[in-house]
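Taking it in order: structure first as structure tokens, then the write-up.
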Amino acid sequence: MSFTFAEIEDRTRIRALYLLETDKDPERAAAVLAGEQSTGTFIKLPYETAELTARCGAVVERVEIIGGAAAGSLPIHGEYKGPVKRAIVEISWSLDNFGVCLPNLMSTVAGNLYELREVSGLRLLDIQVPDAYAEHYPGPQFGIAGTRELAGVERGPLVGTIIKPSVGLSPTQTADIVRSLCEGGIDFIKDDELQANGPHCPFEDRVAEVMRVINMHADRTGKKVMYAFNVTGTLDDMLLQHDMVVKHGGSCIMVSLNSTGLVAVEHLRRNSALPIHGHRNGWGYLSRHPLLGFEYTAWHKFWRLAGVDHMHVNGLRNKFSEPGESSIISAKACLTPMFESPLQGFEAMPVFSSGQWAEQAFETWDRLQSTDLIYACGGGIAAHPGGIRAGIESIRYAWRAAAEGKSMQAAMADSPELKAAVEHFGT
């Protein structure tokens with residue numbers, strides 16, 4: 001779903017765009033929402049003066065009715081009164097209400113508003129924040145250009161993969177897989193989000209074994225594969241594990257964003273010498289119902305401000321419930337600057353994953369028109385009938401051919417690896 005903010009000159013206010021569903025008058029429901037998230041409560045209070053409301057009250061900038069339904073989407077105590085209306089609602093807040101603070105920003109634009117009785121459905125579509133946020137928060141430290149430099153990939157997507165099985169491997173077994181991937185020409189490898197610091201694969205042992213292989217490969221070939229080690233844990237553990245990765249010459253760390261939270265990720269960013277690979281596991285509970293939660297266009301901005309360099313966006317024809325169009329919208333959002341020049345754009349590198357192989361490269365390129373991404377394939381590499389090297393080559397050639405305007409059928413004639421992938425995996 002894509003809607004844009006109204007054109008206004010005042011860029012000093014925080015703005016949020018919602019899809020609102022209500023059985024009440026939408027203008028009235030929007031006013032209740034604005035009051036609840038600023039100066040109001042269920043009854044007028046003595047200190048709620050006109051001056052205070054004018055200074056700190058949220059403002060309903062517009063309400064645009066776009067449709068309706070026979071019944072409300074979300075459960076409520078009692079019953080909705082008749083059919084519901086759906087509207088695009090834009091609300092703004094003064095920066096003075098809570099200052100430049102990501103946790104309080106989220107509490108305001110996505111806090112105690114989903115529970116309102118006036119709301120039978122509500123989804124945060126997008127946010128805009130004043131330039132003060134760009135001046136206060138560091139944003140991604142490496143982003144696209146820095147990631148390319150560290151991975152040694154000047155052009156084209158970073159061809160990546162995930163260590164599988166997700167859990168159960170020892171550090172030595174993990175390093176054996178990494179050795180095969182390095183020899184096959186991989187650019188990027190990541191821990192699965194389930195692999196952390198368990199007793200069968202202790203974090204420091206895993207880092208030591210994996211980086212020994214990667215460093216030896218770099219010494220022989222000049223190419224240092226980027227490996228995103230999952231440091232998700234307590235704040236102290238994440239900082240300690242980051243330092244372990246640096247000590248062994250690693251070039252990336254991974255964090256489960258929803259599990260650790262904005263404050264932890266922002267603190268990690270300010271103390272990190274490495275790119276932060278942001279995993280969005282849990283995204284479904286924030287987004288799967290179309291009338292509840294977040295659109296990615298809003299959600300991902302919090303994490304870009306906090307300093308995440310890589311953001312997962314799923315992929316076309318993935319194994320989950322999310323439609324492919326959503327992945328393209330999400331990737332474009334990651335590549336779109338958040339602030340106007342001369343401030344930083346805070347661009348993050350989108351990460352395509354989930355059931356990806358060479359075939360989706362053609363449509364992904366056609367719809368995205370960019371190769372500034374990580375293309376993470378599991379079975380699309382490991383299950384290729386020609387082995388890991390052939391799987392990697394099939395993906396790399398598919399992307400090169402797509403960017404050159406070739407069809408998949410034409411590209412298959414020039415690449416035995418791509419032809420074998422199509423015949424093996426099907427379309």
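Note on naming: chains are A, B, ... as they come in the structure tokens, residues start from 1 per chain, ligands start from 1 in the order shown.
The residues of stretch 244-416 of chain A that DSSP assigns to strand (DSSP E) on this backbone come out as Cys252, Ile253, Met254, Val255, Ser256, Ile276, His277, Gly278, His279, Leu292, Gly293, Phe294, His310, Met311, His312, Val313, Asn314, Met349, Pro350, Val351, Phe352, Ile374, Tyr375 and Ala376 of chain A.
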(Q) What's around A:Cys201 at 8 Å? Count only C-alpha atoms, leave out sequence neighbours fewer than 4 positions away in its own chain, and write the answer as a PyMOL selection string. (A) chain A and resi 168-171+197+205-206
Please write the residues from the selection above to a file, keeping C-alpha atoms, as a PDB file, in the first residue's frame.
```
ATOM      1  CA  GLY A 168      23.043 -27.959  15.459  1.00  0.00           C
ATOM      2  CA  LEU A 169      26.355 -27.484  13.664  1.00  0.00           C
ATOM      3  CA  SER A 170      29.610 -27.223  15.600  1.00  0.00           C
ATOM      4  CA  PRO A 171      32.073 -24.385  14.967  1.00  0.00           C
ATOM      5  CA  ASN A 197      25.711 -18.468  21.459  1.00  0.00           C
ATOM      6  CA  ASP A 205      34.715 -20.580  18.914  1.00  0.00           C
ATOM      7  CA  ARG A 206      32.503 -20.094  15.856  1.00  0.00           C
TER       8      ARG A 206
END
```
Q: Identify, on the basis of only C-alpha atoms, every residue whose closest approach to A:Lys190 does not exceed 10 Å; exclude the query and any residue fewer than 4 positions from it along the same chain; express the result as number ranges by chain.
A: A: 160-164, 178, 195, 226-230, 252-254, 277, 376
So that I have them on file, write out the residues from the current selection with C-alpha atoms, as a PDB file, in the first residue's frame.
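selection_10.pdb was written with the following content:
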```
ATOM      1  CA  GLY A 160      25.007 -14.299  -0.333  1.00  0.00           C
ATOM      2  CA  THR A 161      23.744 -17.259   1.616  1.00  0.00           C
ATOM      3  CA  ILE A 162      22.739 -18.426   5.094  1.00  0.00           C
ATOM      4  CA  ILE A 163      24.383 -21.199   7.085  1.00  0.00           C
ATOM      5  CA  LYS A 164      22.044 -24.196   7.135  1.00  0.00           C
ATOM      6  CA  VAL A 178      32.196 -21.577   4.908  1.00  0.00           C
ATOM      7  CA  GLN A 195      22.147 -19.431  15.758  1.00  0.00           C
ATOM      8  CA  MET A 226      31.801 -10.795   4.477  1.00  0.00           C
ATOM      9  CA  TYR A 227      30.282 -12.896   7.276  1.00  0.00           C
ATOM     10  CA  ALA A 228      27.487 -11.477   9.468  1.00  0.00           C
ATOM     11  CA  PHE A 229      27.842 -13.047  12.918  1.00  0.00           C
ATOM     12  CA  ASN A 230      24.658 -13.018  14.995  1.00  0.00           C
ATOM     13  CA  CYS A 252      29.976  -7.622   9.807  1.00  0.00           C
ATOM     14  CA  ILE A 253      27.624  -8.338  12.713  1.00  0.00           C
ATOM     15  CA  MET A 254      23.935  -9.252  12.683  1.00  0.00           C
ATOM     16  CA  HIS A 277      23.027  -6.477   9.379  1.00  0.00           C
ATOM     17  CA  ALA A 376      20.796 -14.250  -0.119  1.00  0.00           C
TER      18      ALA A 376
END
```
Do you have, as a tab-separated table, the list of residues of stretch 114-175 of chain A lying at most 8 Å from stretch 385-408 of chain A, each with its nearest atom pair and that distance in Å to one decimal, counting only C-alpha atoms and ordered by chain then number?
```
residue	atom	partner	partner_atom	distance
A:Gly156	CA	A:Arg400	CA	7.2
A:Pro157	CA	A:Trp399	CA	7.6
A:Val159	CA	A:Arg396	CA	6.9
```
Those same residues, written as a short mmCIF file (atom, residue, chain, number, x, y, z; two decimals), in the first residue's frame with N, CA and C atoms?
```
data_model
loop_
_atom_site.label_atom_id
_atom_site.label_comp_id
_atom_site.auth_asym_id
_atom_site.auth_seq_id
_atom_site.Cartn_x
_atom_site.Cartn_y
_atom_site.Cartn_z
N GLY A 156 27.08 -4.86 -9.18
CA GLY A 156 26.22 -6.03 -9.07
C GLY A 156 25.83 -6.29 -7.63
N PRO A 157 24.87 -7.17 -7.42
CA PRO A 157 24.48 -7.50 -6.05
C PRO A 157 25.55 -8.30 -5.34
N VAL A 159 26.22 -11.54 -3.78
CA VAL A 159 25.61 -12.86 -3.77
C VAL A 159 25.90 -13.50 -2.42
#
```
Per residue of stretch 112-220 of chain A within 12 Å of stretch 345-365 of chain A, note the shortest atom pair and the distance in Å to one decimal, counting only C-alpha atoms, and order the rows by chain and increasing residue number, as a tab-separated table.
```
residue	atom	partner	partner_atom	distance
A:Asp131	CA	A:Gly345	CA	11.0
A:Tyr133	CA	A:Phe346	CA	11.0
A:Ala134	CA	A:Phe346	CA	8.3
A:Glu135	CA	A:Phe346	CA	11.4
A:Tyr137	CA	A:Phe346	CA	10.0
A:Pro138	CA	A:Phe346	CA	8.6
A:Gly139	CA	A:Phe346	CA	5.6
A:Pro140	CA	A:Phe346	CA	6.0
A:Gln141	CA	A:Phe346	CA	8.9
A:Phe142	CA	A:Ala348	CA	8.7
A:Gly143	CA	A:Ala348	CA	5.2
A:Ile144	CA	A:Met349	CA	5.4
A:Ala145	CA	A:Met349	CA	9.2
A:Gly146	CA	A:Met349	CA	10.2
A:Thr147	CA	A:Met349	CA	8.3
A:Arg148	CA	A:Met349	CA	9.9
A:Gly156	CA	A:Trp365	CA	10.6
A:Pro157	CA	A:Val351	CA	9.7
A:Leu158	CA	A:Val351	CA	9.3
A:Val159	CA	A:Phe352	CA	10.0
A:Gly160	CA	A:Ser353	CA	9.1
A:Thr161	CA	A:Ser353	CA	8.5
A:Ile162	CA	A:Ser353	CA	9.2
A:Phe188	CA	A:Val351	CA	10.9
A:Ile189	CA	A:Val351	CA	11.9
A:Lys190	CA	A:Val351	CA	11.4
A:Asp192	CA	A:Ser353	CA	11.7
```
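With distances taken over only C-alpha atoms, A:Val100 is the one residue among A:Ala50, A:Val210, A:Val100, A:Ala151 lying closest to A:Thr12.
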Q. Which is closer to A:Gly99 than all the others in A:Ala413, A:Val119, A:Ile14, A:Ala69, using only C-alpha atoms?
A. A:Ile14
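Using only C-alpha atoms, the nearest neighbour of A:Ser321 within the list A:Asn104, A:Val263, A:Val207, A:Gly284 is A:Gly284.
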Would you mind writing down, as a PDB file with C-alpha atoms, in the first residue's frame, each residue of stretch 149-383 of chain A that DSSP on the backbone assigns to alpha helix (DSSP H)?
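out15.pdb, written as the output of this step:
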```
ATOM      1  CA  GLU A 149      34.157  -1.735  -0.170  1.00  0.00           C
ATOM      2  CA  LEU A 150      34.441  -4.221   2.694  1.00  0.00           C
ATOM      3  CA  ALA A 151      33.066  -7.096   0.602  1.00  0.00           C
ATOM      4  CA  PRO A 171      32.073 -24.385  14.967  1.00  0.00           C
ATOM      5  CA  THR A 172      34.231 -26.741  12.910  1.00  0.00           C
ATOM      6  CA  GLN A 173      31.282 -27.918  10.806  1.00  0.00           C
ATOM      7  CA  THR A 174      30.228 -24.325  10.247  1.00  0.00           C
ATOM      8  CA  ALA A 175      33.754 -23.452   9.113  1.00  0.00           C
ATOM      9  CA  ASP A 176      33.755 -26.420   6.701  1.00  0.00           C
ATOM     10  CA  ILE A 177      30.629 -25.039   5.020  1.00  0.00           C
ATOM     11  CA  VAL A 178      32.196 -21.577   4.908  1.00  0.00           C
ATOM     12  CA  ARG A 179      35.296 -23.014   3.229  1.00  0.00           C
ATOM     13  CA  SER A 180      33.189 -24.524   0.446  1.00  0.00           C
ATOM     14  CA  LEU A 181      31.268 -21.271   0.000  1.00  0.00           C
ATOM     15  CA  CYS A 182      34.463 -19.196  -0.156  1.00  0.00           C
ATOM     16  CA  GLU A 183      35.973 -21.541  -2.725  1.00  0.00           C
ATOM     17  CA  GLY A 184      32.733 -21.306  -4.713  1.00  0.00           C
ATOM     18  CA  PHE A 203      30.071 -17.724  19.702  1.00  0.00           C
ATOM     19  CA  GLU A 204      33.790 -17.097  20.151  1.00  0.00           C
ATOM     20  CA  ASP A 205      34.715 -20.580  18.914  1.00  0.00           C
ATOM     21  CA  ARG A 206      32.503 -20.094  15.856  1.00  0.00           C
ATOM     22  CA  VAL A 207      34.055 -16.716  15.089  1.00  0.00           C
ATOM     23  CA  ALA A 208      37.577 -18.070  15.476  1.00  0.00           C
ATOM     24  CA  GLU A 209      36.970 -21.092  13.234  1.00  0.00           C
ATOM     25  CA  VAL A 210      35.029 -19.223  10.567  1.00  0.00           C
ATOM     26  CA  MET A 211      37.413 -16.266  10.387  1.00  0.00           C
ATOM     27  CA  ARG A 212      40.417 -18.566  10.189  1.00  0.00           C
ATOM     28  CA  VAL A 213      38.938 -19.975   6.980  1.00  0.00           C
ATOM     29  CA  ILE A 214      37.909 -16.568   5.621  1.00  0.00           C
ATOM     30  CA  ASN A 215      41.266 -14.962   6.407  1.00  0.00           C
ATOM     31  CA  MET A 216      43.187 -17.822   4.802  1.00  0.00           C
ATOM     32  CA  HIS A 217      41.009 -17.530   1.689  1.00  0.00           C
ATOM     33  CA  ALA A 218      41.623 -13.763   1.605  1.00  0.00           C
ATOM     34  CA  ASP A 219      45.380 -14.303   1.891  1.00  0.00           C
ATOM     35  CA  ARG A 220      45.291 -16.682  -1.100  1.00  0.00           C
ATOM     36  CA  THR A 221      42.894 -14.783  -3.342  1.00  0.00           C
ATOM     37  CA  LEU A 235      23.542  -5.221  25.582  1.00  0.00           C
ATOM     38  CA  ASP A 236      26.777  -6.229  27.317  1.00  0.00           C
ATOM     39  CA  ASP A 237      26.935  -9.485  25.346  1.00  0.00           C
ATOM     40  CA  MET A 238      26.415  -7.714  22.020  1.00  0.00           C
ATOM     41  CA  LEU A 239      29.253  -5.280  22.681  1.00  0.00           C
ATOM     42  CA  LEU A 240      31.539  -8.082  23.853  1.00  0.00           C
ATOM     43  CA  GLN A 241      30.727 -10.266  20.849  1.00  0.00           C
ATOM     44  CA  HIS A 242      31.215  -7.319  18.479  1.00  0.00           C
ATOM     45  CA  ASP A 243      34.729  -6.952  19.895  1.00  0.00           C
ATOM     46  CA  MET A 244      35.380 -10.669  19.342  1.00  0.00           C
ATOM     47  CA  VAL A 245      34.465 -10.307  15.663  1.00  0.00           C
ATOM     48  CA  VAL A 246      36.770  -7.282  15.305  1.00  0.00           C
ATOM     49  CA  LYS A 247      39.590  -9.151  17.080  1.00  0.00           C
ATOM     50  CA  LEU A 257      15.974  -5.963  15.521  1.00  0.00           C
ATOM     51  CA  ASN A 258      12.583  -6.693  17.073  1.00  0.00           C
ATOM     52  CA  SER A 259      14.157  -8.837  19.786  1.00  0.00           C
ATOM     53  CA  THR A 260      16.773  -6.324  20.910  1.00  0.00           C
ATOM     54  CA  LEU A 262      15.737   0.497  19.288  1.00  0.00           C
ATOM     55  CA  VAL A 263      17.792   1.603  22.282  1.00  0.00           C
ATOM     56  CA  ALA A 264      20.065  -1.456  22.161  1.00  0.00           C
ATOM     57  CA  VAL A 265      20.622  -1.224  18.404  1.00  0.00           C
ATOM     58  CA  GLU A 266      21.342   2.508  18.529  1.00  0.00           C
ATOM     59  CA  HIS A 267      23.817   2.014  21.389  1.00  0.00           C
ATOM     60  CA  LEU A 268      25.482  -0.828  19.490  1.00  0.00           C
ATOM     61  CA  ARG A 269      25.766   1.394  16.409  1.00  0.00           C
ATOM     62  CA  ARG A 270      27.538   4.127  18.360  1.00  0.00           C
ATOM     63  CA  TRP A 283       7.941  -8.963  11.097  1.00  0.00           C
ATOM     64  CA  GLY A 284       4.787 -10.996  10.562  1.00  0.00           C
ATOM     65  CA  TYR A 285       3.283 -10.160  13.953  1.00  0.00           C
ATOM     66  CA  LEU A 286       3.712  -6.470  13.138  1.00  0.00           C
ATOM     67  CA  SER A 287       2.391  -6.562   9.614  1.00  0.00           C
ATOM     68  CA  TYR A 296       7.497  -1.505   6.040  1.00  0.00           C
ATOM     69  CA  THR A 297       7.826   2.048   4.702  1.00  0.00           C
ATOM     70  CA  ALA A 298       7.213   3.314   8.248  1.00  0.00           C
ATOM     71  CA  TRP A 299       8.850   0.560  10.314  1.00  0.00           C
ATOM     72  CA  HIS A 300      12.213   0.459   8.579  1.00  0.00           C
ATOM     73  CA  LYS A 301      12.856   4.183   9.099  1.00  0.00           C
ATOM     74  CA  PHE A 302      13.231   3.708  12.847  1.00  0.00           C
ATOM     75  CA  TRP A 303      16.056   1.242  12.231  1.00  0.00           C
ATOM     76  CA  ARG A 304      17.782   3.335   9.585  1.00  0.00           C
ATOM     77  CA  LEU A 305      17.863   6.191  12.058  1.00  0.00           C
ATOM     78  CA  ALA A 306      19.230   3.831  14.720  1.00  0.00           C
ATOM     79  CA  GLY A 324       6.363 -10.030  -3.877  1.00  0.00           C
ATOM     80  CA  GLU A 325       5.157  -6.501  -4.561  1.00  0.00           C
ATOM     81  CA  SER A 326       5.666  -5.717  -0.878  1.00  0.00           C
ATOM     82  CA  SER A 327       9.320  -6.775  -1.137  1.00  0.00           C
ATOM     83  CA  ILE A 328       9.928  -4.434  -4.064  1.00  0.00           C
ATOM     84  CA  ILE A 329       8.241  -1.516  -2.256  1.00  0.00           C
ATOM     85  CA  SER A 330      10.345  -2.287   0.828  1.00  0.00           C
ATOM     86  CA  ALA A 331      13.602  -2.409  -1.133  1.00  0.00           C
ATOM     87  CA  LYS A 332      12.829   0.887  -2.870  1.00  0.00           C
ATOM     88  CA  ALA A 333      12.091   2.404   0.529  1.00  0.00           C
ATOM     89  CA  CYS A 334      15.525   1.343   1.835  1.00  0.00           C
ATOM     90  CA  LEU A 335      17.188   3.018  -1.159  1.00  0.00           C
ATOM     91  CA  GLN A 360      13.880 -14.315  -9.567  1.00  0.00           C
ATOM     92  CA  ALA A 361      16.847 -12.092 -10.502  1.00  0.00           C
ATOM     93  CA  PHE A 362      15.236 -11.140 -13.813  1.00  0.00           C
ATOM     94  CA  GLU A 363      11.953  -9.889 -12.381  1.00  0.00           C
ATOM     95  CA  THR A 364      13.632  -8.355  -9.332  1.00  0.00           C
ATOM     96  CA  TRP A 365      15.885  -6.288 -11.600  1.00  0.00           C
ATOM     97  CA  ASP A 366      12.984  -5.387 -13.871  1.00  0.00           C
ATOM     98  CA  ARG A 367      10.925  -4.043 -10.970  1.00  0.00           C
ATOM     99  CA  LEU A 368      13.687  -2.570  -8.807  1.00  0.00           C
ATOM    100  CA  GLY A 379      18.861 -23.865  -1.450  1.00  0.00           C
ATOM    101  CA  GLY A 380      19.357 -21.832  -4.635  1.00  0.00           C
ATOM    102  CA  ILE A 381      23.092 -22.281  -4.066  1.00  0.00           C
ATOM    103  CA  ALA A 382      23.553 -25.410  -1.952  1.00  0.00           C
TER     104      ALA A 382
END
```
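Straight-line separation from atom CA of A:Leu418 to atom CA of A:Leu373: 20.2 Å.
One finds atom CA of A:Ile186 at 18.1 Å from atom CA of A:Pro275.
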Q. With only C-alpha atoms as the atoms that count, which of A:Thr22, A:Gln409, A:Thr53, A:Ser256 lies nearest to A:Glu118?
A. A:Thr22
